[in-house]
Structure formats: structure tokens, C-alpha cells
file query34.cif (mmCIF, C-alpha atoms and all ligand atoms)
data_data
#
loop_
_atom_site.label_atom_id
_atom_site.label_comp_id
_atom_site.auth_asym_id
_atom_site.auth_seq_id
_atom_site.Cartn_x
_atom_site.Cartn_y
_atom_site.Cartn_z
CA MET U 27 0.00 0.00 0.00
CA GLN U 28 1.51 3.30 -1.09
CA ARG U 29 1.09 6.38 1.12
CA PHE U 30 -1.05 8.31 -1.40
CA SER U 31 -2.83 5.57 -3.33
CA ASP U 32 -6.46 6.61 -3.96
CA MET U 33 -5.52 10.25 -3.33
CA VAL U 34 -5.93 13.03 -5.88
CA VAL U 35 -3.36 15.82 -5.63
CA LEU U 36 -3.41 19.11 -7.52
CA ILE U 37 -0.11 20.94 -8.08
CA THR U 38 0.35 24.37 -9.66
CA GLY U 39 3.67 25.18 -11.29
CA GLY U 40 4.55 21.58 -12.06
CA SER U 41 6.43 22.06 -15.33
CA THR U 42 9.80 22.70 -13.69
CA GLY U 43 11.61 23.07 -10.39
CA ILE U 44 9.99 22.38 -7.03
CA GLY U 45 6.53 21.64 -8.47
CA ARG U 46 7.86 19.11 -10.95
CA ALA U 47 9.97 17.31 -8.31
CA THR U 48 6.99 17.21 -5.95
CA ALA U 49 4.66 15.85 -8.65
CA LEU U 50 7.13 13.04 -9.40
CA ALA U 51 7.46 12.24 -5.67
CA PHE U 52 3.68 12.12 -5.15
CA ALA U 53 3.28 9.91 -8.23
CA ARG U 54 5.92 7.47 -6.95
CA GLU U 55 3.78 7.08 -3.82
CA GLY U 56 0.59 6.35 -5.75
CA ALA U 57 -1.18 9.73 -6.00
CA LYS U 58 -3.16 10.77 -9.06
CA LEU U 59 -1.81 14.12 -10.17
CA MET U 60 -3.51 17.12 -11.77
CA ILE U 61 -0.89 19.65 -12.83
CA GLY U 62 -1.94 23.22 -13.54
CA ASP U 63 0.61 25.41 -15.25
CA ILE U 64 0.88 28.26 -17.72
CA ASP U 65 3.82 26.45 -19.35
CA ALA U 66 3.00 23.53 -21.64
CA ARG U 67 6.26 21.83 -20.57
CA ALA U 68 4.14 20.49 -17.69
CA ALA U 69 3.01 17.89 -20.25
CA GLN U 70 6.55 16.46 -20.02
CA THR U 71 6.14 15.99 -16.25
CA VAL U 72 2.90 14.15 -17.01
CA ASP U 73 4.59 11.98 -19.67
CA GLU U 74 7.34 11.07 -17.21
CA ILE U 75 4.81 10.07 -14.54
CA ARG U 76 2.81 7.97 -17.02
CA ALA U 77 5.96 6.30 -18.38
CA ALA U 78 6.72 5.17 -14.81
CA GLY U 79 3.19 3.69 -14.51
CA GLY U 80 1.61 6.60 -12.64
CA THR U 81 -1.49 8.69 -13.30
CA ALA U 82 -1.32 12.37 -14.17
CA MET U 83 -2.96 15.07 -16.28
CA PHE U 84 -1.96 18.55 -17.36
CA HIS U 85 -4.49 21.37 -17.51
CA ARG U 86 -3.27 24.72 -18.79
CA CYS U 87 -3.97 27.42 -16.22
CA ASP U 88 -2.76 30.90 -15.39
CA VAL U 89 -3.23 31.05 -11.63
CA ALA U 90 -3.63 34.83 -11.87
CA ALA U 91 -6.99 34.31 -13.62
CA ARG U 92 -9.73 33.25 -11.21
CA ALA U 93 -11.87 31.60 -13.92
CA GLU U 94 -8.89 29.50 -15.08
CA VAL U 95 -8.21 28.37 -11.51
CA ASP U 96 -11.87 27.41 -11.03
CA ALA U 97 -11.68 25.49 -14.31
CA LEU U 98 -8.51 23.71 -13.15
CA VAL U 99 -10.15 22.48 -9.95
CA GLY U 100 -13.25 21.54 -11.96
CA ALA U 101 -11.15 19.56 -14.44
CA CYS U 102 -9.42 17.75 -11.58
CA VAL U 103 -12.70 16.71 -9.98
CA HIS U 104 -14.20 15.76 -13.35
CA GLN U 105 -11.17 13.71 -14.40
CA PHE U 106 -10.31 11.98 -11.13
CA GLY U 107 -13.59 12.16 -9.20
CA GLY U 108 -12.30 14.35 -6.39
CA LEU U 109 -9.51 16.34 -4.81
CA ASP U 110 -7.72 15.44 -1.57
CA ALA U 111 -4.67 17.69 -1.39
CA ALA U 112 -3.28 20.73 -3.18
CA PHE U 113 0.18 22.24 -3.51
CA ASN U 114 -0.14 25.91 -4.51
CA ASN U 115 3.36 26.42 -5.79
CA ALA U 116 3.29 28.41 -9.06
CA GLY U 117 5.31 31.57 -8.75
CA VAL U 118 7.38 34.17 -10.56
CA LEU U 119 10.33 36.32 -9.57
CA PRO U 120 10.65 39.73 -11.27
CA PRO U 121 13.98 41.26 -12.28
CA PRO U 122 15.77 42.69 -9.23
CA ALA U 123 15.24 46.42 -8.63
CA PRO U 124 15.30 48.79 -5.65
CA LEU U 125 11.81 49.43 -4.29
CA HIS U 126 11.60 53.00 -5.61
CA ALA U 127 12.28 51.82 -9.17
CA VAL U 128 10.03 48.73 -9.41
CA PRO U 129 7.86 49.15 -12.54
CA GLU U 130 4.14 48.92 -11.87
CA HIS U 131 3.71 46.02 -14.31
CA ASP U 132 6.33 43.96 -12.39
CA LEU U 133 4.56 44.72 -9.10
CA ASP U 134 1.18 43.82 -10.63
CA ARG U 135 2.44 40.52 -12.05
CA ILE U 136 4.04 39.45 -8.77
CA ILE U 137 0.89 40.26 -6.81
CA ALA U 138 -1.29 38.59 -9.46
CA VAL U 139 0.66 35.31 -9.60
CA ASP U 140 2.41 34.93 -6.24
CA LEU U 141 -0.37 36.32 -4.04
CA LYS U 142 -3.73 36.39 -5.84
CA GLY U 143 -2.89 33.09 -7.55
CA VAL U 144 -2.53 31.38 -4.17
CA PHE U 145 -5.71 33.09 -2.94
CA PHE U 146 -7.77 31.98 -5.98
CA CYS U 147 -6.42 28.43 -5.68
CA MET U 148 -7.30 28.23 -1.99
CA GLN U 149 -10.79 29.58 -2.65
CA ALA U 150 -11.60 26.97 -5.29
CA GLN U 151 -9.98 24.13 -3.33
CA ILE U 152 -11.64 25.05 -0.03
CA ARG U 153 -15.06 25.25 -1.69
CA HIS U 154 -14.54 21.68 -2.85
CA PHE U 155 -13.15 20.50 0.51
CA LEU U 156 -16.10 22.05 2.41
CA ALA U 157 -18.54 20.08 0.26
CA HIS U 158 -16.58 16.81 0.44
CA GLY U 159 -15.32 16.32 3.98
CA GLY U 160 -11.98 18.15 3.99
CA GLY U 161 -8.49 18.11 2.56
CA ALA U 162 -4.98 19.47 2.89
CA ILE U 163 -3.34 22.51 1.31
CA VAL U 164 0.35 23.43 1.17
CA ASN U 165 1.33 26.88 -0.12
CA THR U 166 4.81 27.75 -1.33
CA ALA U 167 6.05 30.84 0.48
CA SER U 168 9.83 31.39 0.75
CA VAL U 169 12.46 32.52 3.22
CA ALA U 170 11.47 35.84 1.59
CA GLY U 171 8.21 35.36 3.50
CA ILE U 172 10.10 35.58 6.81
CA VAL U 173 13.06 37.88 6.13
CA ALA U 174 13.88 40.38 3.37
CA ASP U 175 16.55 40.43 0.70
CA PRO U 176 17.49 43.62 -1.13
CA ASN U 177 15.96 44.48 -4.50
CA MET U 178 13.10 41.97 -4.16
CA SER U 179 10.51 44.10 -2.36
CA ALA U 180 7.44 43.02 -4.35
CA TYR U 181 8.39 39.34 -4.02
CA VAL U 182 9.13 39.76 -0.29
CA GLY U 183 5.77 41.47 0.20
CA ALA U 184 3.87 38.80 -1.72
CA LYS U 185 5.60 35.90 0.07
CA HIS U 186 5.02 37.47 3.52
CA ALA U 187 1.36 37.72 2.49
CA VAL U 188 1.29 34.02 1.53
CA VAL U 189 2.39 33.18 5.08
CA GLY U 190 -0.41 35.37 6.45
CA LEU U 191 -3.00 33.88 4.09
CA THR U 192 -1.95 30.39 5.13
CA ARG U 193 -2.51 31.22 8.80
CA ALA U 194 -5.82 32.96 8.08
CA ALA U 195 -7.20 29.98 6.19
CA ALA U 196 -5.79 27.53 8.74
CA ILE U 197 -7.77 29.03 11.61
CA GLU U 198 -10.97 29.52 9.58
CA TYR U 199 -11.30 25.93 8.41
CA ALA U 200 -9.55 23.76 11.01
CA ARG U 201 -12.87 22.44 12.35
CA ARG U 202 -14.00 21.52 8.84
CA ASN U 203 -11.17 18.99 8.49
CA ILE U 204 -9.14 21.31 6.25
CA ARG U 205 -5.46 21.82 7.08
CA VAL U 206 -3.47 24.65 5.51
CA ASN U 207 0.31 24.89 5.85
CA ALA U 208 3.15 26.61 4.03
CA ILE U 209 6.75 25.91 3.17
CA ALA U 210 9.56 28.46 3.11
CA PRO U 211 12.38 27.17 0.90
CA GLY U 212 15.75 28.89 0.87
CA LEU U 213 17.85 28.81 -2.28
CA VAL U 214 16.79 25.90 -4.53
CA ALA U 215 18.44 25.08 -7.85
CA THR U 216 15.60 25.61 -10.35
CA PRO U 217 15.08 27.65 -13.54
CA MET U 218 13.98 30.54 -11.28
CA THR U 219 17.43 30.79 -9.69
CA ARG U 220 19.56 29.67 -12.64
CA THR U 221 21.00 33.14 -13.39
CA TRP U 222 22.07 33.49 -9.73
CA LEU U 223 23.60 30.03 -9.60
CA ASP U 224 25.41 30.62 -12.90
CA ASP U 225 27.04 33.69 -11.34
CA GLU U 226 30.23 32.47 -9.61
CA GLY U 227 30.52 35.67 -7.54
CA PHE U 228 26.97 35.34 -6.21
CA LYS U 229 27.46 31.65 -5.51
CA ARG U 230 30.70 32.16 -3.59
CA ALA U 231 29.23 34.94 -1.43
CA PHE U 232 25.96 33.10 -0.78
CA PHE U 233 27.49 29.71 -0.02
CA GLU U 234 30.03 31.29 2.33
CA HIS U 235 27.19 32.78 4.39
CA SER U 236 24.89 29.75 4.15
CA PRO U 237 25.44 27.27 7.02
CA ILE U 238 24.95 24.30 4.67
CA GLY U 239 27.04 25.90 1.94
CA ARG U 240 24.97 24.91 -1.10
CA ALA U 241 21.61 25.27 -2.83
CA ALA U 242 18.90 22.62 -2.35
CA ASP U 243 17.93 20.14 -5.02
CA PRO U 244 14.14 20.47 -5.66
CA ALA U 245 13.69 16.87 -4.50
CA GLU U 246 14.85 17.97 -1.04
CA ILE U 247 11.78 20.21 -0.79
CA ALA U 248 9.26 17.62 -2.04
CA GLY U 249 9.47 15.32 1.00
CA THR U 250 8.13 17.97 3.36
CA VAL U 251 5.21 18.74 1.03
CA LEU U 252 4.30 15.05 0.94
CA HIS U 253 4.52 14.84 4.71
CA LEU U 254 2.24 17.88 5.15
CA CYS U 255 -0.37 16.33 2.83
CA SER U 256 -0.22 12.95 4.57
CA ALA U 257 -2.15 11.52 7.51
CA GLU U 258 1.08 11.74 9.55
CA ALA U 259 0.58 15.52 9.64
CA SER U 260 -3.03 15.35 10.87
CA PHE U 261 -2.35 17.79 13.75
CA THR U 262 -0.19 20.18 11.72
CA ASN U 263 -2.14 23.29 10.72
CA GLY U 264 -1.18 26.92 10.09
CA ALA U 265 2.50 25.97 10.24
CA LEU U 266 5.39 27.32 8.21
CA PHE U 267 8.11 24.78 7.44
CA VAL U 268 11.47 26.45 6.79
CA LEU U 269 13.69 24.46 4.40
CA ASP U 270 16.77 26.63 4.05
CA GLY U 271 19.81 24.68 5.24
CA GLY U 272 19.99 26.98 8.27
CA GLN U 273 20.06 30.27 6.31
CA THR U 274 17.57 32.07 8.56
CA ALA U 275 18.91 30.47 11.75
CA HIS U 276 21.77 33.03 11.58
N1 LIG Q 1 14.00 28.34 -6.34
C1 LIG Q 1 14.08 28.92 -5.15
O1 LIG Q 1 15.19 29.21 -4.65
C2 LIG Q 1 12.83 29.26 -4.37
C3 LIG Q 1 12.97 29.62 -3.05
C4 LIG Q 1 11.83 29.92 -2.31
C5 LIG Q 1 10.58 29.85 -2.89
N2 LIG Q 1 10.49 29.49 -4.19
C6 LIG Q 1 9.13 29.42 -4.75
O2 LIG Q 1 8.94 28.10 -5.21
C7 LIG Q 1 7.90 28.10 -6.20
C8 LIG Q 1 8.40 27.29 -7.37
O3 LIG Q 1 9.50 27.94 -7.94
P1 LIG Q 1 10.74 27.17 -8.60
O4 LIG Q 1 11.94 27.64 -7.91
O5 LIG Q 1 10.43 25.74 -8.71
O6 LIG Q 1 10.78 27.91 -10.01
P2 LIG Q 1 10.35 27.46 -11.47
O7 LIG Q 1 10.45 28.69 -12.28
O8 LIG Q 1 11.09 26.25 -11.86
O9 LIG Q 1 8.82 27.04 -11.29
C9 LIG Q 1 7.76 27.95 -11.28
C10 LIG Q 1 6.58 27.25 -11.91
O10 LIG Q 1 5.44 28.11 -11.85
C11 LIG Q 1 4.85 28.14 -13.15
N3 LIG Q 1 4.13 29.41 -13.30
C12 LIG Q 1 4.65 30.66 -13.37
N4 LIG Q 1 3.68 31.55 -13.53
C13 LIG Q 1 2.50 30.87 -13.57
C14 LIG Q 1 1.15 31.24 -13.70
N5 LIG Q 1 0.79 32.52 -13.84
N6 LIG Q 1 0.23 30.27 -13.68
C15 LIG Q 1 0.57 28.96 -13.56
N7 LIG Q 1 1.83 28.55 -13.43
C16 LIG Q 1 2.79 29.49 -13.43
C17 LIG Q 1 6.03 27.99 -14.10
O11 LIG Q 1 5.64 27.63 -15.39
C18 LIG Q 1 6.82 26.92 -13.38
O12 LIG Q 1 6.30 25.63 -13.64
C19 LIG Q 1 7.63 29.57 -6.51
O13 LIG Q 1 6.46 29.96 -5.82
C20 LIG Q 1 8.84 30.28 -5.95
O14 LIG Q 1 8.55 31.62 -5.60
C21 LIG Q 1 11.57 29.19 -4.96
#
call {"tool": "encode", "arguments": {"input": "query34.cif", "output": "C-alpha cells"}}
result
Amino acid sequence: MQRFSDMVVLITGGSTGIGRATALAFAREGAKLMIGDIDARAAQTVDEIRAAGGTAMFHRCDVAARAEVDALVGACVHQFGGLDAAFNNAGVLPPPAPLHAVPEHDLDRIIAVDLKGVFFCMQAQIRHFLAHGGGAIVNTASVAGIVADPNMSAYVGAKHAVVGLTRAAAIEYARRNIRVNAIAPGLVATPMTRTWLDDEGFKRAFFEHSPIGRAADPAEIAGTVLHLCSAEASFTNGALFVLDGGQTAH
């Protein structure tokens, strides 16, 4: 018996990085996966899962558009007959800029995807969970949801808000058998951070300061998401799991 057999899990941002690694990990443990992403490369994640004997579907969705998010949850329920857990992970990082110079369209996109996207996903998922006995949600925040880095003000603001939203939903729905938690990854080697990790100067300075001295592999984040969606985490609600190799312990 696999840990997630008979469970339906929805993941946003599953084409690359943390979402992709988490989808593969859930599939290995028997979950049926619905992957919502704006990037059609998510179909490759689905192909990989199917090739390994798992069950997965890709539904194109921009999480910044409420109607597309509602359609994603609808497609999941229609295709797999339900929804048990959701990983709201899709996100974008705008080009670095000091706060006073952030263009309005960069601010708007960050708020639309990283904050409103999580909000819309939770709304659609919670409506389903309320009607069907409950479920679990994990939102991807960041260490930028706990502390600030320079030249990332919009991202820092949005990720702090994701932590707040997670707590707000956690206390509203705990008695309806809905658990809502968040993760706060530190530096993870994904397409989002490739330009930083290709920069030897950045890498040297960052790794010198980081207690663990390296970036995470996305697979090192997935395990905690699986745990938070599992029955083992039945008393864990409104929590923020920091996965940063000790970065914010300084
Ligand atoms: N990589 C890191 O160091 C790091 C650290 C902390 C938090 N995070 C967060 O982790 C999450 C995943 O990022 P990642 O590092 O795996 O990067 P990534 O760029 O590999 O993945 C982001 C995913 O989100 C999808 N996406 C982007 N905009 C979307 C939209 N509007 N609608 C639907 N899907 C959309 C992308 O297509 C991609 O699949 C993000 O929320 C990011 O902010 C990343």
C-alpha cells in the first residue's frame, strides 16, 4: 500500500523546479496528479509520470486568472472524481530592482501570480473541501516570507502575504477537516534561480554565508510537502516549514 494511493493531488507550477519534483514524488507514492501550469512543458512531467506507470494530467492554467483556476479544480474533480490535497506552488520572480524603481507592471504581475494566484487556488480548493469532507493545502512561500533580501521588495511582500494567508485559512477551516500549511524554501536550484547560480561571484558569497554551503535540489523540498499532505501531519495546521539549510537560523 503506497502512502497516497487513492488520493488526488493538484499541483500548480509543475512544469519545472519544485513543483515538478513534488509531482514526481507524489506519483511514486501512488497519488493521481492534476498539474496546472501556464507552461506547456508540464506535459513532459505528465509523460514522465505515465511512463513510470503513474497517473497524471496537465491542464493549462494561469493562476492569476480566477476563472482558469476554477476550471482547473473543476477539471481535476471531473477527471479523477475528487480532490484530496493541493500544492499551490506556481510563482514568478521579477527582475531585481530597488523598491523606488520597481515598474508597476512587475509589481502587478508578482501580486497577481504569487499572491492572488494562491488566494484563488485556496478559494476553489476550499469550496470543494467544504462540500466533500476536507483536505490538505500546502502553499509555497519562501524565506522571503520571513526575512527580506534587497531588490526583491514586491516578491518579499507577496511571500510574507502568503504566510499570512496560510494562517488565516488555517484558523478559519480547522474544524472543517481542512489543514493549511506553508513551506519556506531557501535557495533551490531551479530555472527561477539559474541566473544566480550561474554567477560564480553570487554563488561564492551566498554559499560562504549559508550554514549548509549549497543550494537545495528540488527533490529535497518535495518530501516535506508530501509529509504535510499525509495523515502523519493530521495535527499540523497553520504551520510554516522552513527548508533553508539553516540560512535564517543566523
Ligand atoms: N528556487 C528557489 O530558490 C525558491 C525559493 C523559495 C521559494 N520558491 C518558490 O517556489 C515556487 C516554485 O519555484 P521554482 O523555484 O520551482 O521555479 P520554477 O520557475 O522552476 O517554477 C515555477 C513554476 O510556476 C509556473 N508558473 C509561473 N507563472 C505561472 C502562472 N501565472 N500560472 C501557472 N503557473 C505558473 C512555471 O511555469 C513553473 O512551472 C515559486 O512559488 C517560488 O517563488 C523558490
call {"tool": "atom_distance", "arguments": {"input": "query34.cif", "atom1": "atom O8 of ligand LIG 1 (chain Q)", "atom2": "atom CA of Asp96 of chain U"}}
result
23.0 Å
call {"tool": "residues_near_ligand", "arguments": {"input": "query34.cif", "ligand": "ligand LIG 1 (chain Q)", "cutoff": "7 Å", "atoms": "only C-alpha atoms and all ligand atoms", "output": "PyMOL selection string"}}
result
chain U and resi 38-45+62-65+68+87-90+115-119+139-140+166-169+210-219
call {"tool": "write_last_selection", "arguments": {"input": "query34.cif", "atoms": "C-alpha atoms", "output": "short mmCIF file (atom, residue, chain, number, x, y, z; two decimals), keeping the file's coordinate frame"}}
result
data_model
loop_
_atom_site.label_atom_id
_atom_site.label_comp_id
_atom_site.auth_asym_id
_atom_site.auth_seq_id
_atom_site.Cartn_x
_atom_site.Cartn_y
_atom_site.Cartn_z
CA THR U 38 0.35 24.37 -9.66
CA GLY U 39 3.67 25.18 -11.29
CA GLY U 40 4.55 21.58 -12.06
CA SER U 41 6.43 22.06 -15.33
CA THR U 42 9.80 22.70 -13.69
CA GLY U 43 11.61 23.07 -10.39
CA ILE U 44 9.99 22.38 -7.03
CA GLY U 45 6.53 21.64 -8.47
CA GLY U 62 -1.94 23.22 -13.54
CA ASP U 63 0.61 25.41 -15.25
CA ILE U 64 0.88 28.26 -17.72
CA ASP U 65 3.82 26.45 -19.35
CA ALA U 68 4.14 20.49 -17.69
CA CYS U 87 -3.97 27.42 -16.22
CA ASP U 88 -2.76 30.90 -15.39
CA VAL U 89 -3.23 31.05 -11.63
CA ALA U 90 -3.63 34.83 -11.87
CA ASN U 115 3.36 26.42 -5.79
CA ALA U 116 3.29 28.41 -9.06
CA GLY U 117 5.31 31.57 -8.75
CA VAL U 118 7.38 34.17 -10.56
CA LEU U 119 10.33 36.32 -9.57
CA VAL U 139 0.66 35.31 -9.60
CA ASP U 140 2.41 34.93 -6.24
CA THR U 166 4.81 27.75 -1.33
CA ALA U 167 6.05 30.84 0.48
CA SER U 168 9.83 31.39 0.75
CA VAL U 169 12.46 32.52 3.22
CA ALA U 210 9.56 28.46 3.11
CA PRO U 211 12.38 27.17 0.90
CA GLY U 212 15.75 28.89 0.87
CA LEU U 213 17.85 28.81 -2.28
CA VAL U 214 16.79 25.90 -4.53
CA ALA U 215 18.44 25.08 -7.85
CA THR U 216 15.60 25.61 -10.35
CA PRO U 217 15.08 27.65 -13.54
CA MET U 218 13.98 30.54 -11.28
CA THR U 219 17.43 30.79 -9.69
#
call {"tool": "residues_around", "arguments": {"input": "query34.cif", "residues": "segment 241-256 of chain U", "least_positions_apart": "2", "cutoff": "10 Å", "atoms": "only C-alpha atoms", "output": "ChimeraX atom specification"}}
result
/U:29-30,33,35,42-52,55,110-113,161-166,205-216,219,223,229,232-233,236,238-239,258-263,265,267-271
call {"tool": "atom_distance", "arguments": {"input": "query34.cif", "atom1": "atom CA of Ala69 of chain U", "atom2": "atom CA of Phe84 of chain U"}}
result
5.8 Å
call {"tool": "closest_residue", "arguments": {"input": "query34.cif", "among": "U:Ala77, U:Val144, U:Ile61, U:Ala66", "to": "Ala91 of chain U", "atoms": "all atoms listed in the file"}}
result
U:Val144
call {"tool": "closest_residue", "arguments": {"input": "query34.cif", "among": "U:Val189, U:Ala231, U:Ala157, U:Ala97", "to": "Leu141 of chain U", "atoms": "only C-alpha atoms"}}
result
U:Val189
call {"tool": "axis_aligned_box", "arguments": {"input": "query34.cif", "around": "segment 104-118 of chain U", "padding_each_side": "8 Å", "output": "AutoDock Vina command-line options"}}
result
--center_x -3.4 --center_y 23.1 --center_z -7.9 --size_x 37.6 --size_y 38.2 --size_z 29.0
call {"tool": "decode", "arguments": {"input": "query34.cif", "residues": "segment 179-190 of chain U", "atoms": "all heavy atoms", "output": "PDB file, in the first residue's frame"}}
result
ATOM      1  N   SER U 179      11.574  43.653  -3.278  1.00  0.00           N
ATOM      2  CA  SER U 179      10.511  44.100  -2.362  1.00  0.00           C
ATOM      3  C   SER U 179       9.134  43.526  -2.709  1.00  0.00           C
ATOM      4  O   SER U 179       8.397  43.108  -1.810  1.00  0.00           O
ATOM      5  CB  SER U 179      10.456  45.633  -2.330  1.00  0.00           C
ATOM      6  OG  SER U 179      10.366  46.127  -3.655  1.00  0.00           O
ATOM      7  N   ALA U 180       8.780  43.495  -3.985  1.00  0.00           N
ATOM      8  CA  ALA U 180       7.441  43.017  -4.354  1.00  0.00           C
ATOM      9  C   ALA U 180       7.316  41.528  -4.018  1.00  0.00           C
ATOM     10  O   ALA U 180       6.291  41.069  -3.491  1.00  0.00           O
ATOM     11  CB  ALA U 180       7.183  43.247  -5.842  1.00  0.00           C
ATOM     12  N   TYR U 181       8.374  40.779  -4.315  1.00  0.00           N
ATOM     13  CA  TYR U 181       8.388  39.336  -4.016  1.00  0.00           C
ATOM     14  C   TYR U 181       8.321  39.104  -2.501  1.00  0.00           C
ATOM     15  O   TYR U 181       7.554  38.273  -2.022  1.00  0.00           O
ATOM     16  CB  TYR U 181       9.664  38.742  -4.616  1.00  0.00           C
ATOM     17  CG  TYR U 181       9.795  37.238  -4.530  1.00  0.00           C
ATOM     18  CD1 TYR U 181       9.127  36.395  -5.416  1.00  0.00           C
ATOM     19  CD2 TYR U 181      10.639  36.642  -3.580  1.00  0.00           C
ATOM     20  CE1 TYR U 181       9.280  35.014  -5.359  1.00  0.00           C
ATOM     21  CE2 TYR U 181      10.793  35.263  -3.518  1.00  0.00           C
ATOM     22  CZ  TYR U 181      10.109  34.454  -4.410  1.00  0.00           C
ATOM     23  OH  TYR U 181      10.262  33.083  -4.342  1.00  0.00           O
ATOM     24  N   VAL U 182       9.122  39.878  -1.763  1.00  0.00           N
ATOM     25  CA  VAL U 182       9.127  39.759  -0.292  1.00  0.00           C
ATOM     26  C   VAL U 182       7.730  40.065   0.257  1.00  0.00           C
ATOM     27  O   VAL U 182       7.213  39.335   1.120  1.00  0.00           O
ATOM     28  CB  VAL U 182      10.198  40.708   0.318  1.00  0.00           C
ATOM     29  CG1 VAL U 182      10.020  40.849   1.817  1.00  0.00           C
ATOM     30  CG2 VAL U 182      11.611  40.204  -0.013  1.00  0.00           C
ATOM     31  N   GLY U 183       7.113  41.115  -0.265  1.00  0.00           N
ATOM     32  CA  GLY U 183       5.770  41.466   0.198  1.00  0.00           C
ATOM     33  C   GLY U 183       4.768  40.373  -0.109  1.00  0.00           C
ATOM     34  O   GLY U 183       3.958  39.989   0.735  1.00  0.00           O
ATOM     35  N   ALA U 184       4.824  39.838  -1.326  1.00  0.00           N
ATOM     36  CA  ALA U 184       3.867  38.798  -1.723  1.00  0.00           C
ATOM     37  C   ALA U 184       4.076  37.525  -0.894  1.00  0.00           C
ATOM     38  O   ALA U 184       3.117  36.889  -0.461  1.00  0.00           O
ATOM     39  CB  ALA U 184       4.015  38.489  -3.210  1.00  0.00           C
ATOM     40  N   LYS U 185       5.333  37.150  -0.662  1.00  0.00           N
ATOM     41  CA  LYS U 185       5.596  35.901   0.073  1.00  0.00           C
ATOM     42  C   LYS U 185       5.254  36.049   1.560  1.00  0.00           C
ATOM     43  O   LYS U 185       4.775  35.104   2.188  1.00  0.00           O
ATOM     44  CB  LYS U 185       7.045  35.464  -0.129  1.00  0.00           C
ATOM     45  CG  LYS U 185       7.345  34.983  -1.559  1.00  0.00           C
ATOM     46  CD  LYS U 185       6.515  33.762  -1.953  1.00  0.00           C
ATOM     47  CE  LYS U 185       6.932  33.163  -3.287  1.00  0.00           C
ATOM     48  NZ  LYS U 185       6.124  31.998  -3.682  1.00  0.00           N
ATOM     49  N   HIS U 186       5.499  37.250   2.155  1.00  0.00           N
ATOM     50  CA  HIS U 186       5.015  37.475   3.521  1.00  0.00           C
ATOM     51  C   HIS U 186       3.493  37.315   3.562  1.00  0.00           C
ATOM     52  O   HIS U 186       2.948  36.745   4.506  1.00  0.00           O
ATOM     53  CB  HIS U 186       5.408  38.873   4.011  1.00  0.00           C
ATOM     54  CG  HIS U 186       6.756  38.957   4.665  1.00  0.00           C
ATOM     55  ND1 HIS U 186       7.937  38.773   3.988  1.00  0.00           N
ATOM     56  CD2 HIS U 186       7.109  39.204   5.954  1.00  0.00           C
ATOM     57  CE1 HIS U 186       8.961  38.913   4.816  1.00  0.00           C
ATOM     58  NE2 HIS U 186       8.485  39.169   6.026  1.00  0.00           N
ATOM     59  N   ALA U 187       2.823  37.808   2.530  1.00  0.00           N
ATOM     60  CA  ALA U 187       1.360  37.716   2.487  1.00  0.00           C
ATOM     61  C   ALA U 187       0.902  36.259   2.373  1.00  0.00           C
ATOM     62  O   ALA U 187      -0.115  35.880   2.948  1.00  0.00           O
ATOM     63  CB  ALA U 187       0.818  38.548   1.332  1.00  0.00           C
ATOM     64  N   VAL U 188       1.658  35.442   1.645  1.00  0.00           N
ATOM     65  CA  VAL U 188       1.292  34.018   1.526  1.00  0.00           C
ATOM     66  C   VAL U 188       1.340  33.350   2.914  1.00  0.00           C
ATOM     67  O   VAL U 188       0.472  32.532   3.248  1.00  0.00           O
ATOM     68  CB  VAL U 188       2.215  33.286   0.524  1.00  0.00           C
ATOM     69  CG1 VAL U 188       2.031  31.767   0.603  1.00  0.00           C
ATOM     70  CG2 VAL U 188       1.938  33.771  -0.903  1.00  0.00           C
ATOM     71  N   VAL U 189       2.319  33.735   3.723  1.00  0.00           N
ATOM     72  CA  VAL U 189       2.393  33.179   5.084  1.00  0.00           C
ATOM     73  C   VAL U 189       1.154  33.615   5.871  1.00  0.00           C
ATOM     74  O   VAL U 189       0.507  32.803   6.554  1.00  0.00           O
ATOM     75  CB  VAL U 189       3.694  33.635   5.799  1.00  0.00           C
ATOM     76  CG1 VAL U 189       3.701  33.174   7.248  1.00  0.00           C
ATOM     77  CG2 VAL U 189       4.923  33.113   5.053  1.00  0.00           C
ATOM     78  N   GLY U 190       0.775  34.878   5.750  1.00  0.00           N
ATOM     79  CA  GLY U 190      -0.413  35.373   6.453  1.00  0.00           C
ATOM     80  C   GLY U 190      -1.690  34.704   5.973  1.00  0.00           C
ATOM     81  O   GLY U 190      -2.530  34.299   6.792  1.00  0.00           O
TER      82      GLY U 190
END
